[in-house]
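Student: I'd like to ask some things about the structure below.
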Amino acid sequence: MTERIYYYDSFKQEFVADIIDNFVEDDKYHIRLNKTAFYPEGGGQPADQGSIGESYISHVYELNGKIFHVADKLPEEKSGLECKIDWERRFDLMQQHSGQHLLSAVTKDLCQAETVGFHLGESSLTIDTDIRLSQEEIDTIETKCNQFIYENREISIEYPGGDKDDIRIVKIKGLDRNPCGGTHLKSTG
Ligand SMILES: [Zn+2]
């Protein structure tokens with residue numbers, strides 16, 4: 001099993017890992033590591049990019065509980081590989097993803113609208129709600145979100161089951177608790 005560094009340290013940008021498995025498909029190498037800070041696409045959050053040794057990682061995905069890093073070539077070494085996340089991209093995605101938690105929580109609080117879907121893209125984030133919102137409601141939601149951002153509320157992770165493989169709750173202090181496996185910032189600011 002691969003240790004998921006991003007679960008307990010979403011700010012890890014560089015780490016050292018060993019290749020435990022790989023296969024080739026369409027000239028791309030799908031690499032498994034003994035541990036990884038690369039976030040695999042899932043839960044609405046796009047995958048990380050970066051490098052493993054001298055290989056460029058263009059995509060990361062999870063299949064049957066296994067995390068695969070898609071590389072342009074296979075690193076010559078199999079162990080002690082320096083791995084790096086494209087941090088500018090990941091930090092932007094974390095900002096958007098944490099923003100989505102905040103926006104969904106405030107939308108529910110103020111207008112009883114449930115978020116039924118969201119899309120996190122390279123440059124924008126949208127949420128889908130189960131009811132239609134008026135412009136006035138949207139303005140109120142925006143003001144409230146900004147207030148929470150100014151207050152710089154703490155964002156934390158909890159495992160109510162006590163086990164790290166158990167349900168993972170993302171908490172915005174005094175506002176929201178939501179199960180999520182994604183990567184988040186440490187505060188709303
Ligand atoms: Zn999340």
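In the structure tokens, each chain is lettered A, B, ... as it comes, each chain's residues begin at 1, and ligands are numbered from 1 in order of appearance.
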Identify, counting only C-alpha atoms and all ligand atoms, the protein, DNA and RNA residues located within 8 Å of ligand 1, and give them as a PyMOL selection string.
Tutor: chain A and resi 43+97-98+100-101+170+178-184
Student: Create the file for the chosen residues now, containing C-alpha atoms and written as a PDB file, in the first residue's frame.
Tutor:
ATOM      1  CA  GLY A  43     -13.739  14.036  -5.385  1.00  0.00           C
ATOM      2  CA  HIS A  97     -11.192  23.510  -3.212  1.00  0.00           C
ATOM      3  CA  SER A  98     -11.147  25.083   0.269  1.00  0.00           C
ATOM      4  CA  GLN A 100     -15.737  25.467  -2.364  1.00  0.00           C
ATOM      5  CA  HIS A 101     -16.194  24.083   1.163  1.00  0.00           C
ATOM      6  CA  VAL A 170     -12.831  18.601   7.010  1.00  0.00           C
ATOM      7  CA  ASN A 178     -17.851  17.800   5.799  1.00  0.00           C
ATOM      8  CA  PRO A 179     -16.440  14.391   4.850  1.00  0.00           C
ATOM      9  CA  CYS A 180     -13.759  14.861   2.171  1.00  0.00           C
ATOM     10  CA  GLY A 181     -10.569  13.190   0.953  1.00  0.00           C
ATOM     11  CA  GLY A 182      -9.162  16.241  -0.834  1.00  0.00           C
ATOM     12  CA  THR A 183      -6.423  18.704   0.022  1.00  0.00           C
ATOM     13  CA  HIS A 184      -7.208  21.896   1.921  1.00  0.00           C
TER      14      HIS A 184
END
Student: Which of region 13-139 of chain A counts as strand (DSSP E) under DSSP, as a PyMOL selection string please?
Tutor: chain A and resi 14-17+19-25+28-33+35-36+50-52+55-63+66-71+81-85+115-120+125-129
Student: Could you tell me which of A:Gln95, A:Asn22, A:Ser51, A:Ser58 comes closest to Glu82 (chain A) if we count only C-alpha atoms?
Tutor: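 Of the candidates, the smallest distance to Glu82 (chain A) is held by A:Ser51.
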Student: Any idea what's packed within 9 Å of region 75-79 of chain A, counting only C-alpha atoms, ignoring anything in its chain fewer than 6 positions away? Could you give it as a compact mmCIF listing (two decimals) with N, CA and C atoms, in the first residue's frame?
Tutor:
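Dumped to part09.txt:
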# COMPACT_ATOMS: atom_id res chain seq x y z
N VAL A 16 10.87 12.02 -0.75
CA VAL A 16 11.71 10.99 -1.36
C VAL A 16 10.96 9.66 -1.28
N ALA A 17 10.90 8.94 -2.40
CA ALA A 17 10.12 7.70 -2.42
C ALA A 17 10.78 6.65 -3.31
N ASP A 18 10.27 5.41 -3.18
CA ASP A 18 10.75 4.30 -4.00
C ASP A 18 9.64 3.84 -4.95
N ILE A 19 10.01 3.38 -6.12
CA ILE A 19 9.05 2.79 -7.05
C ILE A 19 8.79 1.36 -6.62
N ILE A 20 7.50 1.01 -6.45
CA ILE A 20 7.18 -0.37 -6.04
C ILE A 20 6.59 -1.18 -7.19
N ILE A 52 9.03 12.94 -10.73
CA ILE A 52 9.58 11.84 -9.94
C ILE A 52 10.95 11.56 -10.55
N GLY A 53 12.00 11.88 -9.78
CA GLY A 53 13.34 11.79 -10.36
C GLY A 53 13.41 12.70 -11.58
N GLU A 54 13.89 12.17 -12.70
CA GLU A 54 14.01 12.98 -13.92
C GLU A 54 12.76 12.84 -14.81
N SER A 55 11.73 12.17 -14.31
CA SER A 55 10.52 11.97 -15.11
C SER A 55 9.47 13.02 -14.81
Student: Could you write out, as an NGL selection string, all the residues of region 41-171 of chain A that DSSP marks as helix (DSSP H, G or I)?
Tutor: :A and (87-111 or 135-150)
Student: Got time to write the residues from that selection, N, CA and C atoms, as a short mmCIF file (atom, residue, chain, number, x, y, z; two decimals), in the first residue's frame?
Tutor:
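Result written to result-v8.cif:
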data_model
loop_
_atom_site.label_atom_id
_atom_site.label_comp_id
_atom_site.auth_asym_id
_atom_site.auth_seq_id
_atom_site.Cartn_x
_atom_site.Cartn_y
_atom_site.Cartn_z
N TRP A 87 3.92 23.09 -7.36
CA TRP A 87 3.26 23.70 -6.21
C TRP A 87 2.33 24.85 -6.58
N GLU A 88 2.67 25.61 -7.60
CA GLU A 88 1.82 26.73 -8.00
C GLU A 88 0.43 26.21 -8.37
N ARG A 89 0.43 25.13 -9.12
CA ARG A 89 -0.83 24.52 -9.55
C ARG A 89 -1.60 23.94 -8.35
N ARG A 90 -0.90 23.15 -7.52
CA ARG A 90 -1.57 22.52 -6.39
C ARG A 90 -2.12 23.55 -5.40
N PHE A 91 -1.33 24.61 -5.14
CA PHE A 91 -1.79 25.60 -4.17
C PHE A 91 -3.05 26.29 -4.69
N ASP A 92 -3.08 26.59 -5.98
CA ASP A 92 -4.26 27.19 -6.59
C ASP A 92 -5.47 26.25 -6.45
N LEU A 93 -5.25 24.97 -6.68
CA LEU A 93 -6.34 23.99 -6.57
C LEU A 93 -6.82 23.88 -5.11
N MET A 94 -5.89 23.95 -4.17
CA MET A 94 -6.27 23.89 -2.75
C MET A 94 -7.08 25.12 -2.35
N GLN A 95 -6.68 26.28 -2.89
CA GLN A 95 -7.42 27.50 -2.60
C GLN A 95 -8.85 27.38 -3.12
N GLN A 96 -8.95 26.90 -4.36
CA GLN A 96 -10.29 26.75 -4.95
C GLN A 96 -11.11 25.72 -4.20
N HIS A 97 -10.47 24.59 -3.87
CA HIS A 97 -11.19 23.51 -3.21
C HIS A 97 -11.64 23.92 -1.80
N SER A 98 -10.77 24.61 -1.06
CA SER A 98 -11.15 25.08 0.27
C SER A 98 -12.25 26.13 0.14
N GLY A 99 -12.14 26.95 -0.90
CA GLY A 99 -13.17 27.96 -1.18
C GLY A 99 -14.52 27.33 -1.44
N GLN A 100 -14.48 26.18 -2.09
CA GLN A 100 -15.74 25.47 -2.36
C GLN A 100 -16.41 24.99 -1.08
N HIS A 101 -15.63 24.48 -0.13
CA HIS A 101 -16.19 24.08 1.16
C HIS A 101 -16.90 25.28 1.81
N LEU A 102 -16.22 26.42 1.79
CA LEU A 102 -16.76 27.63 2.40
C LEU A 102 -18.04 28.07 1.70
N LEU A 103 -17.97 28.16 0.37
CA LEU A 103 -19.13 28.61 -0.41
C LEU A 103 -20.33 27.69 -0.21
N SER A 104 -20.10 26.37 -0.24
CA SER A 104 -21.20 25.41 -0.06
C SER A 104 -21.80 25.52 1.34
N ALA A 105 -20.95 25.70 2.34
CA ALA A 105 -21.43 25.78 3.73
C ALA A 105 -22.27 27.04 3.93
N VAL A 106 -21.81 28.16 3.41
CA VAL A 106 -22.54 29.42 3.57
C VAL A 106 -23.85 29.39 2.78
N THR A 107 -23.81 28.81 1.59
CA THR A 107 -25.02 28.71 0.76
C THR A 107 -26.10 27.88 1.46
N LYS A 108 -25.65 26.84 2.15
CA LYS A 108 -26.60 26.00 2.88
C LYS A 108 -27.13 26.74 4.12
N ASP A 109 -26.23 27.37 4.82
CA ASP A 109 -26.58 28.11 6.04
C ASP A 109 -27.60 29.20 5.78
N LEU A 110 -27.34 30.00 4.77
CA LEU A 110 -28.16 31.19 4.52
C LEU A 110 -29.40 30.90 3.70
N CYS A 111 -29.32 29.96 2.76
CA CYS A 111 -30.42 29.77 1.81
C CYS A 111 -30.95 28.33 1.79
N GLN A 135 -30.42 36.77 -7.29
CA GLN A 135 -29.19 37.58 -7.28
C GLN A 135 -28.96 38.15 -5.88
N GLU A 136 -30.05 38.51 -5.22
CA GLU A 136 -29.94 39.06 -3.87
C GLU A 136 -29.34 38.03 -2.91
N GLU A 137 -29.82 36.80 -3.02
CA GLU A 137 -29.27 35.73 -2.17
C GLU A 137 -27.79 35.51 -2.47
N ILE A 138 -27.46 35.51 -3.75
CA ILE A 138 -26.05 35.30 -4.15
C ILE A 138 -25.16 36.41 -3.58
N ASP A 139 -25.68 37.65 -3.61
CA ASP A 139 -24.91 38.78 -3.05
C ASP A 139 -24.69 38.59 -1.55
N THR A 140 -25.73 38.14 -0.86
CA THR A 140 -25.63 37.91 0.59
C THR A 140 -24.61 36.81 0.89
N ILE A 141 -24.64 35.74 0.06
CA ILE A 141 -23.69 34.63 0.22
C ILE A 141 -22.26 35.14 0.02
N GLU A 142 -22.07 35.98 -0.97
CA GLU A 142 -20.74 36.50 -1.27
C GLU A 142 -20.20 37.32 -0.08
N THR A 143 -21.05 38.18 0.46
CA THR A 143 -20.65 39.01 1.59
C THR A 143 -20.27 38.14 2.79
N LYS A 144 -21.09 37.11 3.04
CA LYS A 144 -20.84 36.23 4.20
C LYS A 144 -19.54 35.43 4.00
N CYS A 145 -19.31 34.94 2.80
CA CYS A 145 -18.07 34.21 2.50
C CYS A 145 -16.86 35.12 2.76
N ASN A 146 -16.95 36.35 2.28
CA ASN A 146 -15.84 37.28 2.47
C ASN A 146 -15.60 37.55 3.95
N GLN A 147 -16.67 37.62 4.70
CA GLN A 147 -16.54 37.82 6.15
C GLN A 147 -15.76 36.68 6.79
N PHE A 148 -16.09 35.44 6.40
CA PHE A 148 -15.37 34.27 6.93
C PHE A 148 -13.90 34.27 6.50
N ILE A 149 -13.65 34.80 5.31
CA ILE A 149 -12.26 34.89 4.83
C ILE A 149 -11.48 35.91 5.67
N TYR A 150 -12.12 37.07 5.92
CA TYR A 150 -11.47 38.10 6.76
C TYR A 150 -11.20 37.58 8.17
#
Student: Just the number, please: distance in Å from CA of Gly50 (chain A) to CA of Lys73 (chain A), one decimal.
Tutor: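 Straight-line distance from CA of Gly50 (chain A) to CA of Lys73 (chain A) works out to 13.1 Å.
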Student: Residues near Asp128 (chain A), anyone? I mean within 8 Å using only C-alpha atoms, not counting same-chain ones fewer than 5 positions away, as a list in words.
Tutor: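 After dropping sequence-adjacent residues, the list is Thr115, Val116, Gly117 and Phe118 of chain A.
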Student: Which distance in Å separates CA of Gln45 (chain A) and CA of Leu74 (chain A), to one decimal?
Tutor: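 Calculated distance between CA of Gln45 (chain A) and CA of Leu74 (chain A) is 25.9 Å.
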Student: Could you state the separation of CA of Asn64 (chain A) and CA of Arg32 (chain A) in Å, given to one decimal place?
Tutor: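 These atoms are spaced 12.7 Å apart.
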Student: Would you please work out which residue, of A:Ile155, A:Cys83, A:Ile169, A:Ile5, is nearest to Lys186 (chain A) when using only C-alpha atoms?
Tutor: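 Going through A:Ile155, A:Cys83, A:Ile169, A:Ile5 one by one, the smallest distance to Lys186 (chain A) is for A:Ile155.
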Student: If you count only C-alpha atoms, which residues fall within 7 Å of Arg4 (chain A), apart from same-chain ones fewer than 4 positions away, as a VMD selection string?
Tutor: chain A and resid 35 to 37
Student: Residues of the last selection are to be written out with N, CA and C atoms, as a short mmCIF file (atom, residue, chain, number, x, y, z; two decimals), in the first residue's frame.
Tutor:
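Now in out-v4.cif:
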data_model
loop_
_atom_site.label_atom_id
_atom_site.label_comp_id
_atom_site.auth_asym_id
_atom_site.auth_seq_id
_atom_site.Cartn_x
_atom_site.Cartn_y
_atom_site.Cartn_z
N LYS A 35 5.26 5.74 -1.13
CA LYS A 35 4.51 6.83 -0.51
C LYS A 35 4.40 7.97 -1.51
N THR A 36 3.35 8.79 -1.36
CA THR A 36 3.21 9.89 -2.31
C THR A 36 2.50 11.10 -1.70
N ALA A 37 2.95 12.29 -2.14
CA ALA A 37 2.26 13.53 -1.79
C ALA A 37 1.45 14.04 -2.98
#
Student: Write out as an MDAnalysis selection string which residues come within 8 Å of region 65-67 of chain A when counting only C-alpha atoms, dropping same-chain ones fewer than 3 positions away.
Tutor: chainID A and resid 1:2 32:33 40 60:62
Student: Go ahead and save the residues from that selection, with C-alpha atoms, as a short mmCIF file (atom, residue, chain, number, x, y, z; two decimals), in the first residue's frame.
Tutor:
data_model
loop_
_atom_site.label_atom_id
_atom_site.label_comp_id
_atom_site.auth_asym_id
_atom_site.auth_seq_id
_atom_site.Cartn_x
_atom_site.Cartn_y
_atom_site.Cartn_z
CA MET A 1 0.00 0.00 0.00
CA THR A 2 1.10 3.53 -0.72
CA ARG A 32 3.37 3.28 -8.11
CA LEU A 33 5.39 4.60 -5.16
CA PRO A 40 -4.77 11.61 -7.50
CA VAL A 60 -2.11 10.94 -11.19
CA TYR A 61 -5.08 8.63 -10.69
CA GLU A 62 -6.39 6.01 -8.31
#
Student: Which of these, A:His119, A:Lys173, A:Arg132, A:Lys28, has the shortest distance to Pro46 (chain A) once you count only C-alpha atoms?
Tutor: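 Among the listed residues, the smallest separation from Pro46 (chain A) belongs to A:His119.
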